[in-house]
>>> print(open('final_5.txt').read())   # compact mmCIF, C-alpha atoms (C1' of nucleotides)
# COMPACT_ATOMS: atom_id res chain seq x y z
CA MET A 1 123.81 47.70 211.55
CA SER A 2 120.91 47.66 209.17
CA TYR A 3 117.62 45.79 209.32
CA PRO A 4 116.72 43.74 207.59
CA ILE A 5 120.17 42.47 206.77
CA ASN A 6 120.90 42.06 203.09
CA LEU A 7 122.05 38.57 202.40
CA ILE A 8 123.00 36.60 199.35
CA ALA A 9 122.54 32.86 199.21
CA VAL A 10 124.10 30.64 196.59
CA VAL A 11 122.36 27.28 196.51
CA GLY A 12 121.97 24.30 194.21
CA PRO A 13 123.22 20.76 193.78
CA THR A 14 126.71 19.60 194.49
CA GLY A 15 129.29 20.30 191.86
CA ALA A 16 127.44 23.25 190.39
CA GLY A 17 130.09 25.73 191.43
CA LYS A 18 128.53 27.37 194.47
CA THR A 19 131.86 27.86 196.19
CA ALA A 20 133.54 29.43 193.22
CA LEU A 21 130.67 31.79 192.54
CA GLY A 22 130.38 32.71 196.20
CA VAL A 23 134.01 33.70 196.36
CA ARG A 24 133.77 35.82 193.23
CA LEU A 25 130.71 37.59 194.56
CA ALA A 26 132.47 38.15 197.86
CA GLU A 27 135.38 39.79 196.08
CA ARG A 28 133.10 41.92 194.00
CA PHE A 29 130.76 43.07 196.75
CA ASN A 30 132.97 43.07 199.81
CA GLY A 31 131.36 39.94 201.11
CA GLU A 32 132.12 37.14 203.50
CA ILE A 33 131.15 33.54 202.97
CA VAL A 34 128.95 31.66 205.38
CA GLY A 35 129.01 27.97 204.57
CA ALA A 36 125.73 26.10 204.47
CA ASP A 37 127.07 22.62 204.24
CA SER A 38 126.48 19.90 206.78
CA ARG A 39 129.80 18.17 206.12
CA GLN A 40 132.15 21.07 205.63
CA VAL A 41 131.59 22.05 209.23
CA TYR A 42 133.86 19.19 210.23
CA ARG A 43 137.59 19.61 210.47
CA TYR A 44 139.96 17.22 208.67
CA MET A 45 137.33 16.40 206.06
CA ASP A 46 138.46 18.58 203.22
CA VAL A 47 138.86 16.81 199.91
CA GLY A 48 135.75 14.65 200.12
CA THR A 49 133.48 17.47 201.18
CA GLY A 50 134.66 19.76 198.43
CA LYS A 51 135.69 22.37 200.95
CA PRO A 52 136.91 25.71 199.63
CA THR A 53 140.63 25.51 198.95
CA PRO A 54 143.15 27.56 200.94
CA GLU A 55 143.43 29.84 197.91
CA GLU A 56 139.70 30.42 197.88
CA ARG A 57 139.66 30.97 201.59
CA ALA A 58 142.36 33.56 201.20
CA ARG A 59 140.26 35.50 198.74
CA ALA A 60 137.38 35.99 201.16
CA PRO A 61 136.70 35.31 204.83
CA HIS A 62 134.84 32.04 205.41
CA HIS A 63 132.60 31.07 208.29
CA LEU A 64 130.87 27.88 209.43
CA ILE A 65 133.61 25.78 207.92
CA ASP A 66 135.89 23.70 210.19
CA VAL A 67 133.92 24.52 213.28
CA VAL A 68 133.75 21.12 214.98
CA ASN A 69 135.69 17.87 215.14
CA PRO A 70 134.20 14.83 213.42
CA ASP A 71 133.36 13.22 216.74
CA GLU A 72 131.51 16.26 218.02
CA GLU A 73 127.79 16.71 217.79
CA PHE A 74 126.45 19.07 215.19
CA SER A 75 122.98 19.64 213.82
CA VAL A 76 120.65 22.20 212.28
CA ALA A 77 120.19 23.71 215.70
CA HIS A 78 123.88 24.42 216.04
CA TYR A 79 123.96 25.65 212.51
CA GLN A 80 121.11 28.07 212.96
CA GLU A 81 122.68 29.49 216.05
CA MET A 82 126.20 29.82 214.72
CA ALA A 83 125.31 30.99 211.24
CA GLY A 84 122.90 33.58 212.59
CA GLN A 85 125.66 34.86 214.80
CA ALA A 86 128.16 34.97 211.96
CA ILE A 87 125.75 36.84 209.74
CA SER A 88 125.10 39.60 212.23
CA GLU A 89 128.79 40.01 212.85
CA ILE A 90 129.49 40.29 209.16
CA ASP A 91 126.76 42.83 208.83
CA GLU A 92 128.07 44.84 211.75
CA ARG A 93 131.41 44.89 210.02
CA GLY A 94 129.72 46.48 207.05
CA SER A 95 130.27 43.47 204.83
CA LEU A 96 127.82 41.45 202.81
CA PRO A 97 127.01 37.98 204.11
CA ILE A 98 127.03 35.36 201.36
CA LEU A 99 125.50 32.04 202.28
CA ALA A 100 126.88 29.26 200.11
CA GLY A 101 126.10 25.60 200.37
CA GLY A 102 123.99 22.70 199.34
CA THR A 103 122.35 21.61 202.58
CA GLY A 104 118.77 22.61 201.99
CA HIS A 105 117.68 21.91 205.50
CA TYR A 106 120.27 24.30 206.86
CA VAL A 107 119.64 26.99 204.28
CA TRP A 108 115.90 27.13 204.83
CA ALA A 109 116.13 26.68 208.57
CA LEU A 110 118.04 29.92 208.52
CA LEU A 111 116.18 31.83 205.84
CA GLU A 112 112.72 30.72 206.91
CA GLY A 113 113.44 31.05 210.59
CA LEU A 114 112.44 27.55 211.58
CA ARG A 115 111.78 27.30 215.29
CA LEU A 116 113.02 23.94 216.37
CA PRO A 117 111.70 22.32 219.51
CA GLN A 118 114.24 23.07 222.19
CA VAL A 119 114.96 19.45 222.89
CA PRO A 120 118.54 18.33 222.47
CA PRO A 121 119.09 14.74 221.41
CA ASN A 122 118.96 12.25 224.23
CA PRO A 123 121.44 9.55 223.22
CA GLU A 124 120.39 7.17 225.95
CA LEU A 125 116.73 7.33 224.98
CA ARG A 126 117.58 7.03 221.32
CA ARG A 127 119.67 3.98 221.94
CA GLN A 128 116.90 2.44 223.95
CA LEU A 129 114.15 3.14 221.42
CA SER A 130 116.28 2.07 218.50
CA ALA A 131 116.94 -1.20 220.27
CA VAL A 132 113.20 -1.71 220.53
CA ALA A 133 112.84 -1.04 216.82
CA GLU A 134 115.46 -3.67 216.04
CA LYS A 135 113.37 -6.43 217.52
CA GLU A 136 110.69 -8.38 215.78
CA GLY A 137 107.66 -6.16 215.39
CA GLY A 138 109.55 -3.45 217.24
CA VAL A 139 108.86 -0.76 214.68
CA ASP A 140 105.15 -1.23 215.20
CA ARG A 141 105.45 -1.04 218.97
CA LEU A 142 107.46 2.13 218.66
CA PHE A 143 104.92 3.61 216.36
CA ALA A 144 102.08 2.61 218.67
CA GLN A 145 103.90 4.46 221.41
CA LEU A 146 103.99 7.59 219.29
CA ALA A 147 100.38 7.24 218.26
CA GLU A 148 99.50 7.27 221.93
CA ASP A 149 101.69 10.24 222.82
CA ASP A 150 100.81 12.27 219.78
CA PRO A 151 98.22 10.96 217.34
CA VAL A 152 98.62 13.90 215.01
CA ALA A 153 102.34 13.45 214.60
CA ALA A 154 101.82 9.74 214.14
CA GLN A 155 99.74 10.48 211.10
CA ARG A 156 102.40 12.63 209.55
CA ILE A 157 105.41 10.47 210.18
CA ASP A 158 106.13 7.33 208.25
CA ARG A 159 106.04 4.42 210.65
CA ARG A 160 108.99 2.86 208.96
CA ASN A 161 111.16 5.89 209.47
CA VAL A 162 112.51 4.86 212.84
CA ARG A 163 114.75 7.86 213.19
CA ARG A 164 111.90 10.32 212.90
CA VAL A 165 109.58 8.30 215.07
CA VAL A 166 112.24 8.21 217.74
CA ARG A 167 112.80 11.94 217.59
CA ALA A 168 109.08 12.60 217.87
CA ILE A 169 108.86 10.44 220.97
CA GLU A 170 111.94 12.15 222.32
CA VAL A 171 110.31 15.55 222.00
CA THR A 172 106.96 14.58 223.44
CA ARG A 173 108.65 12.96 226.43
CA ALA A 174 110.93 15.87 227.11
CA THR A 175 108.38 18.63 226.75
CA GLY A 176 105.17 16.89 227.58
CA ARG A 177 103.84 18.61 224.49
CA PRO A 178 103.11 16.88 221.22
CA PHE A 179 105.70 16.90 218.50
CA SER A 180 103.01 17.86 216.03
CA GLU A 181 103.00 21.32 217.52
CA VAL A 182 106.34 22.04 215.94
CA GLY A 183 106.16 23.74 212.64
CA ARG A 184 106.43 27.29 213.79
CA ARG A 185 108.47 29.81 211.95
CA GLU A 186 109.67 33.19 212.95
CA PRO A 187 110.64 35.40 210.04
CA PRO A 188 114.35 36.13 210.37
CA PRO A 189 115.76 39.65 209.98
CA TYR A 190 117.10 39.03 206.50
CA ARG A 191 116.38 40.32 203.07
CA PRO A 192 117.75 37.41 201.07
CA VAL A 193 118.56 37.07 197.40
CA VAL A 194 118.67 33.39 196.65
CA LEU A 195 120.68 32.39 193.61
CA GLY A 196 120.26 28.81 192.45
CA LEU A 197 122.85 27.19 190.22
CA THR A 198 121.61 24.49 187.90
CA CYS A 199 121.87 22.78 184.57
CA ASN A 200 120.49 19.71 182.86
CA ARG A 201 120.82 16.46 184.73
CA GLU A 202 123.06 14.72 182.26
CA GLU A 203 125.62 17.48 182.24
CA LEU A 204 125.48 17.74 186.00
CA TYR A 205 126.11 14.03 186.45
CA ARG A 206 129.03 14.35 184.10
CA ARG A 207 130.46 17.14 186.20
CA THR A 208 130.02 15.40 189.52
CA ASP A 209 131.60 12.24 188.10
CA ALA A 210 134.63 14.20 186.94
CA ARG A 211 134.79 15.98 190.27
CA ILE A 212 134.95 12.69 192.12
CA ASP A 213 137.85 11.54 189.96
CA ASP A 214 139.56 14.81 190.84
CA MET A 215 138.97 14.27 194.53
CA ILE A 216 140.63 10.89 194.35
CA ARG A 217 143.56 12.49 192.58
CA LEU A 218 143.74 15.15 195.27
CA GLY A 219 144.23 12.56 197.95
CA TRP A 220 140.80 11.68 199.24
CA VAL A 221 141.89 8.15 200.09
CA ASP A 222 144.75 9.41 202.23
CA GLU A 223 142.40 11.81 203.93
CA VAL A 224 140.12 8.97 204.94
CA ARG A 225 143.05 6.81 206.01
CA ARG A 226 144.28 9.59 208.27
CA LEU A 227 140.84 10.06 209.77
CA MET A 228 140.62 6.37 210.51
CA GLU A 229 144.15 5.46 211.45
CA GLU A 230 145.85 8.58 212.77
CA ARG A 231 142.91 10.24 214.39
CA GLY A 232 141.09 7.03 215.16
CA TYR A 233 137.62 8.17 214.18
CA SER A 234 134.99 5.49 213.86
CA MET A 235 133.28 5.16 210.51
CA ASP A 236 130.04 5.04 212.45
CA LEU A 237 130.21 8.71 213.33
CA PRO A 238 127.48 10.82 211.72
CA ALA A 239 130.20 13.06 210.32
CA LEU A 240 131.68 10.12 208.46
CA SER A 241 128.33 9.13 207.03
CA GLY A 242 128.89 11.64 204.27
CA LEU A 243 128.99 10.62 200.66
CA GLY A 244 131.93 8.48 199.82
CA TYR A 245 133.57 8.32 203.22
CA ARG A 246 132.06 4.94 203.90
CA GLU A 247 133.00 3.58 200.49
CA ILE A 248 136.54 4.84 200.76
CA GLY A 249 136.69 3.56 204.29
CA ARG A 250 135.86 0.10 203.03
CA HIS A 251 138.54 0.43 200.42
CA VAL A 252 141.09 1.48 203.03
CA ARG A 253 140.20 -1.62 205.00
CA GLY A 254 140.78 -3.65 201.85
CA GLU A 255 137.18 -4.75 201.50
CA ILE A 256 136.64 -3.32 198.05
CA GLY A 257 138.83 -2.09 195.23
CA LEU A 258 139.22 1.58 194.50
CA PRO A 259 137.44 1.44 191.13
CA GLU A 260 134.43 -0.12 192.78
CA ALA A 261 134.44 2.47 195.54
CA VAL A 262 134.64 5.29 193.02
CA GLU A 263 131.86 3.82 190.94
CA ARG A 264 129.58 3.59 193.95
CA ILE A 265 130.39 7.11 195.03
CA LYS A 266 129.45 8.44 191.64
CA ILE A 267 126.11 6.70 191.80
CA GLU A 268 125.46 7.87 195.35
CA THR A 269 126.29 11.36 194.26
CA HIS A 270 123.70 11.21 191.48
CA ARG A 271 121.18 10.28 194.12
CA PHE A 272 122.35 13.12 196.28
CA VAL A 273 121.94 15.61 193.46
CA ARG A 274 118.33 14.54 193.04
CA HIS A 275 117.83 14.79 196.77
CA GLN A 276 119.09 18.35 196.72
CA TYR A 277 116.60 19.32 194.04
CA ALA A 278 113.89 18.35 196.48
CA TRP A 279 115.07 21.25 198.62
CA PHE A 280 115.87 23.59 195.79
CA ARG A 281 113.09 23.20 193.29
CA ALA A 282 112.98 24.54 189.79
CA GLY A 283 109.64 26.14 190.49
CA ASP A 284 110.54 27.70 193.84
CA SER A 285 109.67 31.39 193.64
CA ARG A 286 112.24 32.22 196.30
CA ILE A 287 115.06 31.16 194.03
CA GLN A 288 116.51 32.92 191.00
CA TRP A 289 117.93 30.18 188.87
CA ILE A 290 121.07 30.59 186.83
CA ASP A 291 122.18 28.02 184.28
CA ILE A 292 125.81 27.07 184.72
CA THR A 293 126.31 25.91 181.18
CA GLN A 294 127.65 29.41 180.77
CA ASP A 295 129.57 31.47 183.31
CA PRO A 296 127.01 32.27 186.01
CA PHE A 297 128.91 35.26 187.36
CA PRO A 298 127.46 38.02 185.14
CA ALA A 299 123.88 37.02 185.86
CA ALA A 300 124.64 36.61 189.54
CA GLU A 301 126.37 39.95 189.74
CA ARG A 302 123.45 41.66 188.06
CA ALA A 303 120.97 40.04 190.43
CA VAL A 304 122.96 41.10 193.46
CA ARG A 305 123.49 44.61 192.19
CA ASP A 306 119.81 45.04 191.45
CA SER A 307 118.79 43.84 194.86
CA LEU A 308 121.28 46.03 196.67
CA ALA A 309 120.20 49.01 194.63
CA LEU A 310 116.70 48.60 195.96
CA VAL A 311 117.83 49.39 199.44
C1' G B 1 134.82 -30.60 165.08
C1' C B 2 132.56 -33.25 169.33
C1' A B 3 130.43 -32.77 174.39
C1' G B 4 128.21 -29.57 178.00
C1' G B 5 126.26 -24.76 179.78
C1' G B 6 123.96 -20.30 178.37
C1' G B 7 121.30 -16.12 175.59
C1' U B 8 115.25 -12.72 180.02
C1' G B 9 113.16 -5.72 180.84
C1' G B 10 118.54 0.25 181.03
C1' G B 11 122.20 -3.41 184.07
C1' U B 12 123.04 -7.92 187.23
C1' G B 13 119.88 -11.93 187.62
C1' A B 14 115.37 -15.31 189.26
C1' G B 15 111.72 -17.85 186.76
C1' U B 16 111.36 -23.61 183.71
C1' G B 17 103.66 -24.86 180.36
C1' G B 18 98.63 -21.06 182.68
C1' U B 19 97.87 -17.25 188.90
C1' U B 20 104.26 -13.58 184.61
C1' A B 21 104.61 -7.16 182.17
C1' A B 22 107.88 -11.22 184.35
C1' A B 23 111.01 -11.97 191.72
C1' A B 24 115.13 -9.58 193.84
C1' C B 25 118.94 -6.18 193.58
C1' C B 26 121.17 -2.02 190.90
C1' G B 27 120.33 2.07 187.96
C1' G B 28 116.48 5.99 186.56
C1' C B 29 112.43 9.25 188.02
C1' A B 30 109.34 11.52 191.77
C1' G B 31 108.32 12.76 196.89
C1' A B 32 108.61 13.39 202.58
C1' C B 33 111.66 16.03 205.84
C1' U B 34 111.47 21.33 212.25
C1' G B 35 118.49 19.00 216.70
C1' U B 36 122.06 12.59 212.84
C1' A B 37 119.71 16.00 206.77
C1' A B 38 125.78 14.02 202.10
C1' A B 39 121.30 11.33 207.32
C1' U B 40 116.60 8.73 207.52
C1' C B 41 112.16 7.29 205.02
C1' U B 42 108.38 6.69 200.89
C1' G B 43 106.29 6.07 195.93
C1' U B 44 107.16 4.85 190.94
C1' U B 45 109.81 2.49 186.86
C1' G B 46 107.81 -1.76 178.92
C1' C B 47 104.21 1.23 175.64
C1' C B 48 99.13 3.62 175.06
C1' U B 49 95.03 5.20 178.80
C1' G B 50 92.05 9.48 183.63
C1' A B 51 90.33 4.63 184.48
C1' C B 52 88.35 -0.07 182.54
C1' G B 53 91.25 -2.02 179.11
C1' G B 54 94.48 -2.69 175.04
C1' C B 55 99.36 -3.44 172.73
C1' U B 56 104.39 -5.16 172.38
C1' A B 57 107.94 -8.20 175.04
C1' C B 58 112.17 -13.20 177.50
C1' G B 59 118.62 -14.31 170.84
C1' U B 60 116.16 -15.29 165.49
C1' A B 61 112.68 -18.21 162.57
C1' G B 62 109.33 -21.95 162.68
C1' G B 63 106.47 -25.81 165.40
C1' U B 64 103.68 -28.50 169.55
C1' U B 65 99.58 -26.85 172.81
C1' C B 66 93.18 -24.34 174.48
C1' G B 67 97.63 -21.67 176.42
C1' A B 68 105.02 -20.98 175.93
C1' A B 69 110.01 -16.89 178.65
C1' U B 70 109.14 -21.98 180.02
C1' C B 71 108.42 -28.04 175.46
C1' C B 72 110.34 -29.40 170.15
C1' U B 73 113.26 -28.17 165.46
C1' A B 74 116.63 -25.19 162.73
C1' C B 75 119.75 -21.12 162.72
C1' C B 76 122.83 -17.10 164.99
C1' C B 77 125.83 -15.64 169.05
C1' C B 78 128.51 -16.45 174.05
C1' C B 79 131.09 -19.46 177.72
C1' U B 80 133.28 -24.19 179.44
C1' G B 81 135.43 -29.30 178.67
C1' C B 82 137.53 -32.63 174.99
C1' A B 83 140.03 -32.46 170.65
>>> encode(input="final_5.txt", output="structure tokens")
Amino acid sequence: MSYPINLIAVVGPTGAGKTALGVRLAERFNGEIVGADSRQVYRYMDVGTGKPTPEERARAPHHLIDVVNPDEEFSVAHYQEMAGQAISEIDERGSLPILAGGTGHYVWALLEGLRLPQVPPNPELRRQLSAVAEKEGGVDRLFAQLAEDDPVAAQRIDRRNVRRVVRAIEVTRATGRPFSEVGRREPPPYRPVVLGLTCNREELYRRTDARIDDMIRLGWVDEVRRLMEERGYSMDLPALSGLGYREIGRHVRGEIGLPEAVERIKIETHRFVRHQYAWFRAGDSRIQWIDITQDPFPAAERAVRDSLALV
RNA sequence: GCAGGGGUGGGUGAGUGGUUAAAACCGGCAGACUGUAAAUCUGUUGCCUGACGGCUACGUAGGUUCGAAUCCUACCCCCUGCA
């Protein structure tokens, strides 16, 4: 076991080829993949989440993929815990951990050592507070509540963002300490090399559009039908709130045609790509960007080799 | 050919004499984010300008009016009914 642990992270927007590059790097450097994707953690959601294929999974060990059922609770906290565990085990095995995924919140929670308030979600309280927010003027009453409990947090949280206001109240109630005190970080025992895959927006949109057509061809609709009909999962589950699952769900129920569903998914995916760039910024000094217009492997390999040579 | 409806910003589509650079929605762009994060929320979106302000815009060309996306005329397209 070596400290700090050398770790590679492959990040970037959806459809940029993180999975493929991760697997190649794993083969080249005796690595193991640790997923960093908030939807690939769920079982039975394969096509629509762009999960690594069985072939890819055979080429390198994968972790943090298929770890919970769609109706089970999962969050950054679980991720941090489980991924941290996986990474140390990989390291102990003498392999190179390779983080690969597009969920910025998860990636940085791990690499920056975010210290989350130790307050698990309280469904009952959430239900209650959300019900308040539903009512006329409810949002304001909720916000007033927060302003009383924790004036500092109230200033930082948008009053219209009910979900965040609720969580803040949840934390202050459970701990008796203000939510605004969160924000601590504890540097994790990693020496990360963060590789970001990118290219111009237009080309990226083209790729994600084509990828969605592929997913449909690969049986995404059947996948959703099975989730709904055979396994009986509700479309209201957080797991099913992922891109496209709702649209395809509506199509399965006969509410919209497939072309319309596909069109909407493409648009939503564009939005998602932009959202991901908010987590992985072009100017972020922690990230080494590689343009995917050409094969990113040589540049990635060089970067990894250089960083390992430093040790 | 006759009758009727319509042509609005990247798209759909309101507006029917001034308070309209033009609602709303979509799309685009930017941002927030510490246990739902592919979630949730925010800002911005004709052009020039740091701002004041200016310029160009509602099919085309004219006209009426102090003032027109809104009224009139002609023309060009589109749709519907009758032939």
>>> closest_residue(input="final_5.txt", among="A:Glu247, A:Glu124, A:Asp158, A:Asp150", to="C33 in chain B", atoms="all atoms listed in the file")
A:Asp158
>>> axis_aligned_box(input="final_5.txt", around="range 58-65 of chain A", padding_each_side="4 Å", output="JSON")
{"center_x": 136.6, "center_y": 30.9, "center_z": 204.1, "size_x": 19.5, "size_y": 18.2, "size_z": 18.7}
>>> residues_around(input="final_5.txt", residues="range 66-74 of chain B", least_positions_apart="2", cutoff="9 Å", atoms="all atoms listed in the file", output="PyMOL selection string")
chain B and resi 8+15-18+20+22+58+61-64
>>> interface_residues(input="final_5.txt", of="chain B", to="chain A", cutoff="7 Å", atoms="only C-alpha atoms (C1' of nucleotides)", output="list in words")
U34, G35, U36, A37, A38, U40 and C41 of chain B
>>> atom_distance(input="final_5.txt", atom1="CA of Asn30 in chain A", atom2="CA of Leu96 in chain A")
6.2 Å
>>> residues_around(input="final_5.txt", residues="Asp213 in chain A", least_positions_apart="5", cutoff="12 Å", atoms="all atoms listed in the file", output="list of chain:residue names")
A:Val47, A:Gly48, A:Arg206, A:Arg207, A:Thr208, A:Leu218, A:Gly219, A:Trp220, A:Val221, A:Gly244, A:Leu258, A:Pro259, A:Ala261, A:Val262, A:Glu263, A:Ile265, A:Lys266
>>> closest_residue(input="final_5.txt", among="A:Arg217, A:Arg57, A:His63, A:Arg201", to="Met82 in chain A", atoms="all atoms listed in the file")
A:His63
>>> residues_around(input="final_5.txt", residues="Glu27 in chain A", least_positions_apart="6", cutoff="12 Å", atoms="all atoms listed in the file", output="short mmCIF file (atom, residue, chain, number, x, y, z; two decimals) with C-alpha atoms, in the frame of the given file")
data_model
loop_
_atom_site.label_atom_id
_atom_site.label_comp_id
_atom_site.auth_asym_id
_atom_site.auth_seq_id
_atom_site.Cartn_x
_atom_site.Cartn_y
_atom_site.Cartn_z
CA ALA A 20 133.54 29.43 193.22
CA LEU A 21 130.67 31.79 192.54
CA ILE A 33 131.15 33.54 202.97
CA GLU A 56 139.70 30.42 197.88
CA ARG A 57 139.66 30.97 201.59
CA ALA A 58 142.36 33.56 201.20
CA ARG A 59 140.26 35.50 198.74
CA ALA A 60 137.38 35.99 201.16
CA PRO A 61 136.70 35.31 204.83
CA SER A 95 130.27 43.47 204.83
CA LEU A 96 127.82 41.45 202.81
CA PRO A 97 127.01 37.98 204.11
CA ILE A 98 127.03 35.36 201.36
CA PHE A 297 128.91 35.26 187.36
CA GLU A 301 126.37 39.95 189.74
#
>>> atom_distance(input="final_5.txt", atom1="CA of Ala147 in chain A", atom2="CA of Trp108 in chain A")
28.6 Å
>>> atom_distance(input="final_5.txt", atom1="CA of Pro123 in chain A", atom2="CA of Asp140 in chain A")
21.1 Å
>>> closest_residue(input="final_5.txt", among="A:Asp209, A:Leu227, A:Val152, A:Arg286", to="Tyr44 in chain A", atoms="all atoms listed in the file")
A:Leu227
